[in-house]
file upload_23.cif (mmCIF, C-alpha atoms)
data_structure
loop_
_atom_site.group_PDB
_atom_site.id
_atom_site.type_symbol
_atom_site.label_atom_id
_atom_site.label_comp_id
_atom_site.auth_asym_id
_atom_site.auth_seq_id
_atom_site.Cartn_x
_atom_site.Cartn_y
_atom_site.Cartn_z
ATOM 1 C CA MET A 43 -52.048 97.058 -181.306
ATOM 2 C CA TRP A 44 -54.948 99.346 -180.370
ATOM 3 C CA SER A 45 -53.602 99.900 -176.863
ATOM 4 C CA TRP A 46 -50.312 100.916 -178.536
ATOM 5 C CA VAL A 47 -52.159 103.411 -180.772
ATOM 6 C CA ALA A 48 -54.139 104.765 -177.820
ATOM 7 C CA HIS A 49 -50.942 105.115 -175.773
ATOM 8 C CA ARG A 50 -49.388 107.257 -178.539
ATOM 9 C CA VAL A 51 -52.494 109.370 -179.134
ATOM 10 C CA THR A 52 -53.045 110.084 -175.415
ATOM 11 C CA GLY A 53 -49.312 110.744 -174.964
ATOM 12 C CA VAL A 54 -49.194 113.391 -177.706
ATOM 13 C CA LEU A 55 -52.411 114.954 -176.394
ATOM 14 C CA ILE A 56 -51.044 115.206 -172.849
ATOM 15 C CA PHE A 57 -47.719 116.617 -174.131
ATOM 16 C CA PHE A 58 -49.380 119.495 -175.992
ATOM 17 C CA PHE A 59 -51.560 120.282 -172.992
ATOM 18 C CA LEU A 60 -48.429 120.297 -170.829
ATOM 19 C CA LEU A 61 -46.811 122.958 -173.060
ATOM 20 C CA VAL A 62 -49.906 125.180 -172.770
ATOM 21 C CA HIS A 63 -50.288 124.473 -169.046
ATOM 22 C CA VAL A 64 -46.732 125.616 -168.193
ATOM 23 C CA LEU A 65 -47.313 128.807 -170.221
ATOM 24 C CA ASP A 66 -50.610 129.631 -168.476
ATOM 25 C CA THR A 67 -49.093 128.937 -165.058
ATOM 26 C CA ALA A 68 -46.155 131.205 -165.971
ATOM 27 C CA LEU A 69 -48.655 134.102 -165.946
ATOM 28 C CA VAL A 70 -48.318 134.136 -162.123
ATOM 29 C CA ARG A 71 -45.049 135.988 -162.830
ATOM 30 C CA VAL A 72 -46.909 138.636 -164.855
ATOM 31 C CA SER A 73 -49.637 139.646 -162.394
ATOM 32 C CA PRO A 74 -52.388 138.095 -160.252
ATOM 33 C CA GLU A 75 -54.956 139.612 -162.653
ATOM 34 C CA ALA A 76 -53.341 138.023 -165.728
ATOM 35 C CA TYR A 77 -53.195 134.594 -164.067
ATOM 36 C CA ASN A 78 -56.764 134.776 -162.775
ATOM 37 C CA ALA A 79 -58.029 135.768 -166.232
ATOM 38 C CA ALA A 80 -56.274 132.777 -167.842
ATOM 39 C CA ILE A 81 -57.338 130.265 -165.200
ATOM 40 C CA GLY A 82 -60.869 131.690 -165.414
ATOM 41 C CA THR A 83 -61.144 130.259 -168.928
ATOM 42 C CA TYR A 84 -60.367 126.811 -167.452
ATOM 43 C CA GLN A 85 -63.437 127.153 -165.214
ATOM 44 C CA THR A 86 -65.997 127.401 -168.030
ATOM 45 C CA PRO A 87 -68.244 124.376 -168.757
ATOM 46 C CA ILE A 88 -66.635 123.671 -172.147
ATOM 47 C CA MET A 89 -63.122 123.655 -170.673
ATOM 48 C CA GLY A 90 -64.471 121.588 -167.778
ATOM 49 C CA LEU A 91 -65.430 118.882 -170.269
ATOM 50 C CA GLY A 92 -61.979 119.275 -171.841
ATOM 51 C CA GLU A 93 -60.406 118.682 -168.416
ATOM 52 C CA ALA A 94 -62.501 115.530 -168.048
ATOM 53 C CA GLY A 95 -61.126 114.339 -171.402
ATOM 54 C CA LEU A 96 -57.585 115.273 -170.377
ATOM 55 C CA VAL A 97 -57.883 113.349 -167.108
ATOM 56 C CA ALA A 98 -59.296 110.360 -169.016
ATOM 57 C CA ALA A 99 -56.259 110.464 -171.344
ATOM 58 C CA ILE A 100 -53.854 110.698 -168.389
ATOM 59 C CA VAL A 101 -55.545 107.855 -166.476
ATOM 60 C CA PHE A 102 -55.440 105.525 -169.489
ATOM 61 C CA HIS A 103 -51.822 106.448 -170.314
ATOM 62 C CA ALA A 104 -50.801 105.895 -166.683
ATOM 63 C CA PHE A 105 -52.465 102.484 -166.249
ATOM 64 C CA ASN A 106 -51.449 101.232 -169.686
ATOM 65 C CA GLY A 107 -47.905 102.436 -168.905
ATOM 66 C CA ILE A 108 -47.867 100.172 -165.851
ATOM 67 C CA ARG A 109 -49.084 97.349 -168.108
ATOM 68 C CA ILE A 110 -46.135 98.029 -170.466
ATOM 69 C CA LEU A 111 -43.781 97.848 -167.467
ATOM 70 C CA LEU A 112 -45.245 94.480 -166.465
ATOM 71 C CA VAL A 113 -44.994 93.127 -170.021
ATOM 72 C CA ASP A 114 -41.336 94.222 -170.155
ATOM 73 C CA PHE A 115 -40.126 93.248 -166.693
ATOM 74 C CA TRP A 116 -42.467 90.575 -165.306
ATOM 75 C CA ALA A 117 -41.633 87.095 -166.549
ATOM 76 C CA GLN A 118 -45.326 86.230 -167.004
ATOM 77 C CA GLY A 119 -46.102 89.681 -168.462
ATOM 78 C CA PRO A 120 -46.239 88.829 -172.184
ATOM 79 C CA ARG A 121 -48.488 85.830 -171.446
ATOM 80 C CA TYR A 122 -51.001 87.978 -169.568
ATOM 81 C CA GLN A 123 -50.804 91.105 -171.725
ATOM 82 C CA LYS A 124 -54.368 90.712 -172.976
ATOM 83 C CA VAL A 125 -55.823 90.053 -169.528
ATOM 84 C CA MET A 126 -53.891 93.070 -168.249
ATOM 85 C CA LEU A 127 -55.459 95.263 -170.941
ATOM 86 C CA TRP A 128 -58.873 94.384 -169.528
ATOM 87 C CA VAL A 129 -57.564 95.142 -166.040
ATOM 88 C CA VAL A 130 -56.432 98.544 -167.369
ATOM 89 C CA VAL A 131 -59.902 99.142 -168.837
ATOM 90 C CA GLY A 132 -61.519 98.099 -165.549
ATOM 91 C CA LEU A 133 -59.287 100.333 -163.423
ATOM 92 C CA PHE A 134 -59.884 103.162 -165.898
ATOM 93 C CA VAL A 135 -63.661 102.831 -165.507
ATOM 94 C CA VAL A 136 -63.427 102.705 -161.696
ATOM 95 C CA THR A 137 -61.079 105.721 -161.520
ATOM 96 C CA MET A 138 -63.204 107.796 -163.894
ATOM 97 C CA ALA A 139 -66.347 106.806 -161.975
ATOM 98 C CA GLY A 140 -64.692 108.265 -158.894
ATOM 99 C CA PHE A 141 -63.418 111.394 -160.630
ATOM 100 C CA LEU A 142 -66.134 112.418 -163.103
ATOM 101 C CA PRO A 143 -69.160 113.020 -160.814
ATOM 102 C CA ARG A 144 -67.171 115.184 -158.404
ATOM 103 C CA HIS A 145 -65.409 117.126 -161.166
ATOM 104 C CA LEU A 146 -68.578 117.687 -163.189
ATOM 105 C CA VAL A 147 -70.452 118.907 -160.096
ATOM 106 C CA ASN A 148 -67.578 121.350 -159.477
ATOM 107 C CA VAL A 149 -67.622 122.493 -163.100
ATOM 108 C CA PHE A 150 -71.377 122.981 -163.485
ATOM 109 C CA THR A 151 -72.384 124.134 -160.012
ATOM 110 C CA GLY A 152 -69.168 125.367 -158.370
ATOM 111 C CA GLY A 153 -69.020 128.880 -159.843
ATOM 112 C CA HIS A 154 -68.264 131.770 -157.524
ATOM 113 C CA MET B 227 1.569 60.467 -209.982
ATOM 114 C CA THR B 228 -0.851 63.146 -208.982
ATOM 115 C CA HIS B 229 -3.576 60.604 -208.374
ATOM 116 C CA GLY B 230 -4.516 60.338 -204.722
ATOM 117 C CA THR B 231 -2.792 63.505 -203.713
ATOM 118 C CA ALA B 232 -5.643 65.942 -204.269
ATOM 119 C CA ALA B 233 -4.582 69.400 -203.254
ATOM 120 C CA VAL B 234 -6.250 70.563 -200.116
ATOM 121 C CA ALA B 235 -7.992 73.799 -200.983
ATOM 122 C CA LYS B 236 -7.698 76.530 -198.451
ATOM 123 C CA VAL B 237 -11.246 77.474 -197.444
ATOM 124 C CA ASP B 238 -12.264 79.896 -194.774
ATOM 125 C CA SER B 239 -13.934 78.254 -191.864
ATOM 126 C CA PRO B 240 -17.677 78.462 -192.519
ATOM 127 C CA ARG B 241 -18.539 80.419 -189.430
ATOM 128 C CA SER B 242 -16.415 82.855 -187.570
ATOM 129 C CA PRO B 243 -16.974 82.669 -183.815
ATOM 130 C CA TYR B 244 -19.538 85.066 -182.394
ATOM 131 C CA VAL B 245 -18.144 88.497 -181.787
ATOM 132 C CA ARG B 246 -20.396 91.134 -180.323
ATOM 133 C CA ARG B 247 -20.806 93.847 -182.915
ATOM 134 C CA LYS B 248 -19.167 97.029 -181.819
ATOM 135 C CA THR B 249 -21.682 99.812 -182.121
ATOM 136 C CA THR B 250 -20.570 103.371 -182.661
ATOM 137 C CA ARG B 251 -23.839 104.828 -181.452
ATOM 138 C CA GLY B 252 -23.556 104.336 -177.727
ATOM 139 C CA ASN B 253 -26.407 103.162 -175.557
ATOM 140 C CA TYR B 254 -28.565 106.268 -175.905
ATOM 141 C CA GLU B 255 -31.713 104.419 -177.009
ATOM 142 C CA LEU B 256 -31.332 101.913 -174.178
ATOM 143 C CA TYR B 257 -31.075 104.688 -171.601
ATOM 144 C CA SER B 258 -34.073 106.465 -173.136
ATOM 145 C CA TRP B 259 -36.084 103.197 -172.940
ATOM 146 C CA VAL B 260 -35.165 102.756 -169.271
ATOM 147 C CA PHE B 261 -35.879 106.414 -168.515
ATOM 148 C CA MET B 262 -39.397 106.199 -169.991
ATOM 149 C CA ARG B 263 -40.256 103.359 -167.625
ATOM 150 C CA ALA B 264 -38.603 104.790 -164.505
ATOM 151 C CA SER B 265 -39.957 108.320 -164.991
ATOM 152 C CA GLY B 266 -43.381 106.913 -165.887
ATOM 153 C CA VAL B 267 -43.820 105.360 -162.457
ATOM 154 C CA VAL B 268 -42.733 108.557 -160.675
ATOM 155 C CA LEU B 269 -44.950 110.693 -162.921
ATOM 156 C CA LEU B 270 -47.966 108.515 -162.136
ATOM 157 C CA VAL B 271 -47.610 109.389 -158.444
ATOM 158 C CA LEU B 272 -46.775 113.075 -159.051
ATOM 159 C CA ILE B 273 -49.573 113.711 -161.564
ATOM 160 C CA PHE B 274 -52.283 111.752 -159.729
ATOM 161 C CA GLY B 275 -51.391 113.745 -156.596
ATOM 162 C CA HIS B 276 -51.443 117.005 -158.589
ATOM 163 C CA LEU B 277 -54.857 116.206 -160.094
ATOM 164 C CA PHE B 278 -56.287 115.120 -156.745
ATOM 165 C CA VAL B 279 -55.243 118.281 -154.898
ATOM 166 C CA ASN B 280 -56.128 120.684 -157.733
ATOM 167 C CA LEU B 281 -59.330 119.134 -159.110
ATOM 168 C CA LEU B 282 -60.941 117.013 -156.386
ATOM 169 C CA VAL B 283 -60.227 118.682 -153.033
ATOM 170 C CA GLY B 284 -62.641 121.468 -152.028
ATOM 171 C CA ASP B 285 -64.193 123.343 -154.948
ATOM 172 C CA GLY B 286 -61.913 121.681 -157.483
ATOM 173 C CA VAL B 287 -60.995 123.747 -160.519
ATOM 174 C CA HIS B 288 -63.049 126.687 -159.216
ATOM 175 C CA ALA B 289 -60.759 127.067 -156.208
ATOM 176 C CA ILE B 290 -57.719 127.755 -158.402
ATOM 177 C CA ASP B 291 -56.558 131.364 -158.586
ATOM 178 C CA PHE B 292 -53.403 133.356 -157.870
ATOM 179 C CA GLY B 293 -53.867 132.980 -154.118
ATOM 180 C CA PHE B 294 -54.246 129.182 -154.489
ATOM 181 C CA VAL B 295 -50.922 128.939 -156.352
ATOM 182 C CA ALA B 296 -49.228 131.247 -153.825
ATOM 183 C CA GLY B 297 -50.518 129.089 -150.982
ATOM 184 C CA LYS B 298 -49.171 125.907 -152.579
ATOM 185 C CA TRP B 299 -45.746 127.309 -153.467
ATOM 186 C CA ALA B 300 -45.338 128.683 -149.947
ATOM 187 C CA SER B 301 -44.549 125.061 -149.106
ATOM 188 C CA PRO B 302 -41.193 123.614 -150.247
ATOM 189 C CA LEU B 303 -42.962 120.280 -150.743
ATOM 190 C CA TRP B 304 -45.092 121.620 -153.601
ATOM 191 C CA GLN B 305 -42.171 123.579 -155.055
ATOM 192 C CA VAL B 306 -40.109 120.392 -155.299
ATOM 193 C CA TRP B 307 -43.182 118.403 -156.408
ATOM 194 C CA ASP B 308 -43.948 120.802 -159.267
ATOM 195 C CA LEU B 309 -40.299 121.210 -160.287
ATOM 196 C CA LEU B 310 -39.801 117.436 -160.457
ATOM 197 C CA MET B 311 -43.104 117.031 -162.312
ATOM 198 C CA LEU B 312 -42.106 119.755 -164.816
ATOM 199 C CA TRP B 313 -38.721 118.242 -165.613
ATOM 200 C CA LEU B 314 -39.751 114.578 -165.671
ATOM 201 C CA ALA B 315 -42.932 115.219 -167.674
ATOM 202 C CA MET B 316 -41.123 117.407 -170.207
ATOM 203 C CA ILE B 317 -38.284 114.908 -170.744
ATOM 204 C CA HIS B 318 -40.737 111.961 -170.831
ATOM 205 C CA GLY B 319 -43.065 113.772 -173.244
ATOM 206 C CA THR B 320 -40.290 115.139 -175.463
ATOM 207 C CA ASN B 321 -38.708 111.701 -175.718
ATOM 208 C CA GLY B 322 -42.081 110.165 -176.581
ATOM 209 C CA VAL B 323 -42.795 112.710 -179.309
ATOM 210 C CA ARG B 324 -39.210 112.258 -180.597
ATOM 211 C CA THR B 325 -39.951 108.540 -181.022
ATOM 212 C CA ILE B 326 -43.172 109.305 -182.873
ATOM 213 C CA ILE B 327 -41.413 111.784 -185.190
ATOM 214 C CA ASN B 328 -38.704 109.196 -185.905
ATOM 215 C CA ASP B 329 -41.419 106.645 -186.743
ATOM 216 C CA TYR B 330 -43.554 108.702 -189.096
ATOM 217 C CA ALA B 331 -41.392 111.485 -190.599
ATOM 218 C CA THR B 332 -39.476 109.599 -193.261
ATOM 219 C CA LYS B 333 -37.821 112.541 -195.031
ATOM 220 C CA ASP B 334 -34.587 113.668 -193.393
ATOM 221 C CA ALA B 335 -35.439 117.353 -193.719
ATOM 222 C CA THR B 336 -38.943 116.965 -192.249
ATOM 223 C CA ARG B 337 -37.619 114.902 -189.376
ATOM 224 C CA GLY B 338 -34.876 117.420 -188.673
ATOM 225 C CA ILE B 339 -37.233 120.393 -188.656
ATOM 226 C CA LEU B 340 -39.833 118.685 -186.456
ATOM 227 C CA LYS B 341 -37.228 117.566 -183.928
ATOM 228 C CA GLY B 342 -35.647 121.026 -183.974
ATOM 229 C CA LEU B 343 -39.025 122.573 -183.107
ATOM 230 C CA LEU B 344 -39.588 119.924 -180.440
ATOM 231 C CA TYR B 345 -36.242 120.587 -178.722
ATOM 232 C CA LEU B 346 -36.831 124.345 -178.936
ATOM 233 C CA ALA B 347 -40.238 123.958 -177.253
ATOM 234 C CA PHE B 348 -38.626 121.724 -174.626
ATOM 235 C CA ALA B 349 -35.927 124.288 -173.813
ATOM 236 C CA VAL B 350 -38.337 127.248 -173.673
ATOM 237 C CA VAL B 351 -40.929 125.495 -171.488
ATOM 238 C CA VAL B 352 -38.440 123.916 -169.063
ATOM 239 C CA VAL B 353 -36.410 127.123 -168.599
ATOM 240 C CA LEU B 354 -39.550 129.265 -168.251
ATOM 241 C CA GLY B 355 -41.251 126.863 -165.848
ATOM 242 C CA THR B 356 -38.133 126.493 -163.675
ATOM 243 C CA LEU B 357 -37.640 130.270 -163.489
ATOM 244 C CA VAL B 358 -41.306 130.757 -162.544
ATOM 245 C CA ILE B 359 -41.076 128.284 -159.653
ATOM 246 C CA PHE B 360 -37.842 129.803 -158.301
ATOM 247 C CA THR B 361 -38.606 133.506 -158.816
ATOM 248 C CA PHE B 362 -42.301 133.452 -157.883
ATOM 249 C CA ASP B 363 -43.373 136.307 -155.582
ATOM 250 C CA PRO B 364 -46.553 135.282 -153.706
ATOM 251 C CA CYS B 365 -47.187 138.865 -152.548
ATOM 252 C CA PRO B 366 -46.305 141.195 -155.444
ATOM 253 C CA PRO B 367 -46.227 144.843 -154.285
ATOM 254 C CA GLY B 368 -49.101 146.984 -155.522
ATOM 255 C CA ALA B 369 -51.422 144.064 -156.286
ATOM 256 C CA PRO B 370 -54.978 144.249 -154.894
ATOM 257 C CA ALA B 371 -55.069 142.525 -151.492
ATOM 258 C CA GLU B 372 -58.249 140.565 -152.312
ATOM 259 C CA LEU B 373 -56.397 138.727 -155.088
ATOM 260 C CA LEU B 374 -53.558 137.609 -152.829
ATOM 261 C CA ALA B 375 -53.162 134.818 -150.307
ATOM 262 C CA SER B 376 -54.262 135.700 -146.783
ATOM 263 C CA PHE B 377 -50.688 135.514 -145.444
ATOM 264 C CA CYS B 378 -49.679 138.542 -147.557
ATOM 265 C CA THR B 379 -51.755 140.932 -145.419
ATOM 266 C CA ALA B 380 -51.361 139.117 -142.111
#

call {"tool": "encode", "arguments": {"input": "upload_23.cif", "output": "structure tokens"}}
result
Amino acid sequence: MWSWVAHRVTGVLIFFFLLVHVLDTALVRVSPEAYNAAIGTYQTPIMGLGEAGLVAAIVFHAFNGIRILLVDFWAQGPRYQKVMLWVVVGLFVVTMAGFLPRHLVNVFTGGH
Amino acid sequence: MTHGTAAVAKVDSPRSPYVRRKTTRGNYELYSWVFMRASGVVLLVLIFGHLFVNLLVGDGVHAIDFGFVAGKWASPLWQVWDLLMLWLAMIHGTNGVRTIINDYATKDATRGILKGLLYLAFAVVVVLGTLVIFTFDPCPPGAPAELLASFCTA
């Protein structure tokens, strides 16, 4: 139930970011200055934390999506759905532990 | 005289044999269910690769500027990668939000308007994104050389 709610919430969040992200990338067709100005706002500390949240949402949605696949297509999937949720949580923690330190160092000390 | 010759009432047989109900709606929802799972697996690879190259390699988010994008799209691999990611993510996301609208917007008018806006956003973003990838000029004339990729001046 809660993994289902979280899957929806993260999905909607990622979708709205995707709309914005295609628009900001489209600025490369306007001018290098326009694109650099837009991407510059992504390099501020506040947006850096936002990116960490976005990546967290994507990582959960991705791993829980694989869990949904296994529940649907693997014969033993429904039986192990609860165990697999804990596997998703574990993989999420490991992935974020790999991503966060490097990203946060880039965000807070990587300015040009 | 009539005793013992009870009329046999004609009664329908209690159960008609199973006949698969003919649906008039087609298999759209089935295909959308399959698509979500198939595209999800591909998107996992595409998006994890995208995040790794753009956020973890080198200076991460600080390395991204016009020249960075020009350098990536100079390679057909990243053009195809980004095009596939754009289309699959937009269809996957639009279909997901469509499901959510169908679940929570109970009034016909509300549901219609929300889905209309959703499909409009889908069309605009997919067309715009596709055009950008195919018409991108990595070395626009008149732009300051220090903002461009090194291969523009070489």

call {"tool": "closest_residue", "arguments": {"input": "upload_23.cif", "among": "B:Pro243, B:Gly355, B:Gly338, B:Gly252", "to": "chain A", "atoms": "only C-alpha atoms"}}
result
B:Gly355

call {"tool": "residues_around", "arguments": {"input": "upload_23.cif", "residues": "Gly319 in chain B", "least_positions_apart": "5", "cutoff": "12 Å", "atoms": "only C-alpha atoms", "output": "PyMOL selection string"}}
result
(chain A and resi 49-61+103) or (chain B and resi 258+261-262+265-266+269+311-314+324-326+344-345+347-348+352)

call {"tool": "residues_near_point", "arguments": {"input": "upload_23.cif", "point": "(-54.8, 136.8, -158.7)", "cutoff": "12 Å", "atoms": "only C-alpha atoms", "output": "number ranges by chain"}}
result
A: 67, 69-82; B: 289-297, 363-366, 369-376

call {"tool": "resolve_selection", "arguments": {"input": "upload_23.cif", "expression": "the PyMOL selection byres ((chain A and resi 143-150) around 9)", "output": "short mmCIF file (atom, residue, chain, number, x, y, z; two decimals) with C-alpha atoms, keeping the file's coordinate frame"}}
result
data_model
loop_
_atom_site.label_atom_id
_atom_site.label_comp_id
_atom_site.auth_asym_id
_atom_site.auth_seq_id
_atom_site.Cartn_x
_atom_site.Cartn_y
_atom_site.Cartn_z
CA GLN A 85 -63.44 127.15 -165.21
CA THR A 86 -66.00 127.40 -168.03
CA PRO A 87 -68.24 124.38 -168.76
CA MET A 89 -63.12 123.66 -170.67
CA GLY A 90 -64.47 121.59 -167.78
CA LEU A 91 -65.43 118.88 -170.27
CA GLU A 93 -60.41 118.68 -168.42
CA ALA A 94 -62.50 115.53 -168.05
CA MET A 138 -63.20 107.80 -163.89
CA ALA A 139 -66.35 106.81 -161.98
CA GLY A 140 -64.69 108.26 -158.89
CA PHE A 141 -63.42 111.39 -160.63
CA LEU A 142 -66.13 112.42 -163.10
CA THR A 151 -72.38 124.13 -160.01
CA GLY A 152 -69.17 125.37 -158.37
CA GLY A 153 -69.02 128.88 -159.84
CA LEU B 281 -59.33 119.13 -159.11
CA LEU B 282 -60.94 117.01 -156.39
CA GLY B 284 -62.64 121.47 -152.03
CA ASP B 285 -64.19 123.34 -154.95
CA GLY B 286 -61.91 121.68 -157.48
CA VAL B 287 -61.00 123.75 -160.52
CA HIS B 288 -63.05 126.69 -159.22
#

call {"tool": "atom_distance", "arguments": {"input": "upload_23.cif", "atom1": "CA of Thr320 in chain B", "atom2": "CA of Gly92 in chain A"}}
result
22.4 Å

call {"tool": "residues_around", "arguments": {"input": "upload_23.cif", "residues": "range 107-114 of chain A", "least_positions_apart": "6", "cutoff": "12 Å", "atoms": "all atoms listed in the file", "output": "number ranges by chain"}}
result
A: 45-46, 48-50, 52-53, 99-101, 120-131, 133; B: 259-271

call {"tool": "closest_residue", "arguments": {"input": "upload_23.cif", "among": "A:Ala117, A:Val64, A:Leu96, A:Ile88", "to": "chain B", "atoms": "all atoms listed in the file"}}
result
A:Val64

call {"tool": "atom_distance", "arguments": {"input": "upload_23.cif", "atom1": "CA of Phe360 in chain B", "atom2": "CA of Phe278 in chain B"}}
result
23.6 Å

call {"tool": "closest_residue", "arguments": {"input": "upload_23.cif", "among": "A:Ala68, A:Ala98, A:Phe115, A:Val135", "to": "chain B", "atoms": "all atoms listed in the file"}}
result
A:Ala68

call {"tool": "atom_distance", "arguments": {"input": "upload_23.cif", "atom1": "CA of Thr356 in chain B", "atom2": "CA of Leu309 in chain B"}}
result
6.6 Å

call {"tool": "closest_residue", "arguments": {"input": "upload_23.cif", "among": "A:Tyr84, A:Asn106, A:His63, A:Gly95", "to": "Trp44 in chain A", "atoms": "only C-alpha atoms"}}
result
A:Asn106

call {"tool": "closest_residue", "arguments": {"input": "upload_23.cif", "among": "A:Phe102, A:Gln118, A:Leu65, A:Thr137", "to": "chain B", "atoms": "only C-alpha atoms"}}
result
A:Leu65

call {"tool": "build_atoms", "arguments": {"input": "upload_23.cif", "residues": "range 288-312 of chain B", "atoms": "N, CA and C atoms", "output": "PDB file, keeping the file's coordinate frame"}}
result
ATOM      1  N   HIS B 288     -62.585 125.340-159.548  1.00  0.00           N
ATOM      2  CA  HIS B 288     -63.049 126.687-159.216  1.00  0.00           C
ATOM      3  C   HIS B 288     -62.262 127.328-158.084  1.00  0.00           C
ATOM      4  N   ALA B 289     -61.525 126.522-157.331  1.00  0.00           N
ATOM      5  CA  ALA B 289     -60.759 127.067-156.208  1.00  0.00           C
ATOM      6  C   ALA B 289     -59.419 127.641-156.671  1.00  0.00           C
ATOM      7  N   ILE B 290     -59.062 127.368-157.949  1.00  0.00           N
ATOM      8  CA  ILE B 290     -57.719 127.755-158.402  1.00  0.00           C
ATOM      9  C   ILE B 290     -57.707 129.230-158.817  1.00  0.00           C
ATOM     10  N   ASP B 291     -56.845 129.990-158.166  1.00  0.00           N
ATOM     11  CA  ASP B 291     -56.558 131.364-158.586  1.00  0.00           C
ATOM     12  C   ASP B 291     -55.152 131.695-158.099  1.00  0.00           C
ATOM     13  N   PHE B 292     -54.766 132.975-158.248  1.00  0.00           N
ATOM     14  CA  PHE B 292     -53.403 133.356-157.870  1.00  0.00           C
ATOM     15  C   PHE B 292     -53.104 132.993-156.419  1.00  0.00           C
ATOM     16  N   GLY B 293     -54.071 133.265-155.531  1.00  0.00           N
ATOM     17  CA  GLY B 293     -53.867 132.980-154.118  1.00  0.00           C
ATOM     18  C   GLY B 293     -53.672 131.492-153.850  1.00  0.00           C
ATOM     19  N   PHE B 294     -54.381 130.638-154.621  1.00  0.00           N
ATOM     20  CA  PHE B 294     -54.246 129.182-154.489  1.00  0.00           C
ATOM     21  C   PHE B 294     -52.817 128.750-154.826  1.00  0.00           C
ATOM     22  N   VAL B 295     -52.290 129.285-155.940  1.00  0.00           N
ATOM     23  CA  VAL B 295     -50.922 128.939-156.352  1.00  0.00           C
ATOM     24  C   VAL B 295     -49.922 129.436-155.314  1.00  0.00           C
ATOM     25  N   ALA B 296     -50.136 130.679-154.825  1.00  0.00           N
ATOM     26  CA  ALA B 296     -49.228 131.247-153.825  1.00  0.00           C
ATOM     27  C   ALA B 296     -49.227 130.385-152.568  1.00  0.00           C
ATOM     28  N   GLY B 297     -50.419 129.921-152.170  1.00  0.00           N
ATOM     29  CA  GLY B 297     -50.518 129.089-150.982  1.00  0.00           C
ATOM     30  C   GLY B 297     -49.764 127.783-151.148  1.00  0.00           C
ATOM     31  N   LYS B 298     -49.874 127.166-152.353  1.00  0.00           N
ATOM     32  CA  LYS B 298     -49.171 125.907-152.579  1.00  0.00           C
ATOM     33  C   LYS B 298     -47.658 126.108-152.582  1.00  0.00           C
ATOM     34  N   TRP B 299     -47.191 127.142-153.329  1.00  0.00           N
ATOM     35  CA  TRP B 299     -45.746 127.309-153.467  1.00  0.00           C
ATOM     36  C   TRP B 299     -45.102 127.935-152.229  1.00  0.00           C
ATOM     37  N   ALA B 300     -45.925 128.266-151.222  1.00  0.00           N
ATOM     38  CA  ALA B 300     -45.338 128.683-149.947  1.00  0.00           C
ATOM     39  C   ALA B 300     -44.708 127.479-149.270  1.00  0.00           C
ATOM     40  N   SER B 301     -45.099 126.279-149.691  1.00  0.00           N
ATOM     41  CA  SER B 301     -44.549 125.061-149.106  1.00  0.00           C
ATOM     42  C   SER B 301     -43.455 124.489-150.021  1.00  0.00           C
ATOM     43  N   PRO B 302     -42.284 124.200-149.443  1.00  0.00           N
ATOM     44  CA  PRO B 302     -41.193 123.614-150.247  1.00  0.00           C
ATOM     45  C   PRO B 302     -41.606 122.288-150.870  1.00  0.00           C
ATOM     46  N   LEU B 303     -42.523 121.561-150.196  1.00  0.00           N
ATOM     47  CA  LEU B 303     -42.962 120.280-150.743  1.00  0.00           C
ATOM     48  C   LEU B 303     -43.541 120.454-152.142  1.00  0.00           C
ATOM     49  N   TRP B 304     -44.453 121.434-152.301  1.00  0.00           N
ATOM     50  CA  TRP B 304     -45.092 121.620-153.601  1.00  0.00           C
ATOM     51  C   TRP B 304     -44.142 122.251-154.612  1.00  0.00           C
ATOM     52  N   GLN B 305     -43.174 123.043-154.130  1.00  0.00           N
ATOM     53  CA  GLN B 305     -42.171 123.579-155.055  1.00  0.00           C
ATOM     54  C   GLN B 305     -41.366 122.438-155.670  1.00  0.00           C
ATOM     55  N   VAL B 306     -40.893 121.525-154.815  1.00  0.00           N
ATOM     56  CA  VAL B 306     -40.109 120.392-155.299  1.00  0.00           C
ATOM     57  C   VAL B 306     -40.980 119.482-156.161  1.00  0.00           C
ATOM     58  N   TRP B 307     -42.225 119.256-155.681  1.00  0.00           N
ATOM     59  CA  TRP B 307     -43.182 118.403-156.408  1.00  0.00           C
ATOM     60  C   TRP B 307     -43.361 118.928-157.846  1.00  0.00           C
ATOM     61  N   ASP B 308     -43.665 120.234-157.953  1.00  0.00           N
ATOM     62  CA  ASP B 308     -43.948 120.802-159.267  1.00  0.00           C
ATOM     63  C   ASP B 308     -42.706 120.869-160.143  1.00  0.00           C
ATOM     64  N   LEU B 309     -41.539 121.153-159.506  1.00  0.00           N
ATOM     65  CA  LEU B 309     -40.299 121.210-160.287  1.00  0.00           C
ATOM     66  C   LEU B 309     -39.974 119.839-160.864  1.00  0.00           C
ATOM     67  N   LEU B 310     -40.086 118.801-160.021  1.00  0.00           N
ATOM     68  CA  LEU B 310     -39.801 117.436-160.457  1.00  0.00           C
ATOM     69  C   LEU B 310     -40.789 117.013-161.554  1.00  0.00           C
ATOM     70  N   MET B 311     -42.073 117.377-161.340  1.00  0.00           N
ATOM     71  CA  MET B 311     -43.104 117.031-162.312  1.00  0.00           C
ATOM     72  C   MET B 311     -42.814 117.714-163.651  1.00  0.00           C
ATOM     73  N   LEU B 312     -42.420 119.003-163.594  1.00  0.00           N
ATOM     74  CA  LEU B 312     -42.106 119.755-164.816  1.00  0.00           C
ATOM     75  C   LEU B 312     -40.987 119.077-165.601  1.00  0.00           C
TER      76      LEU B 312
END
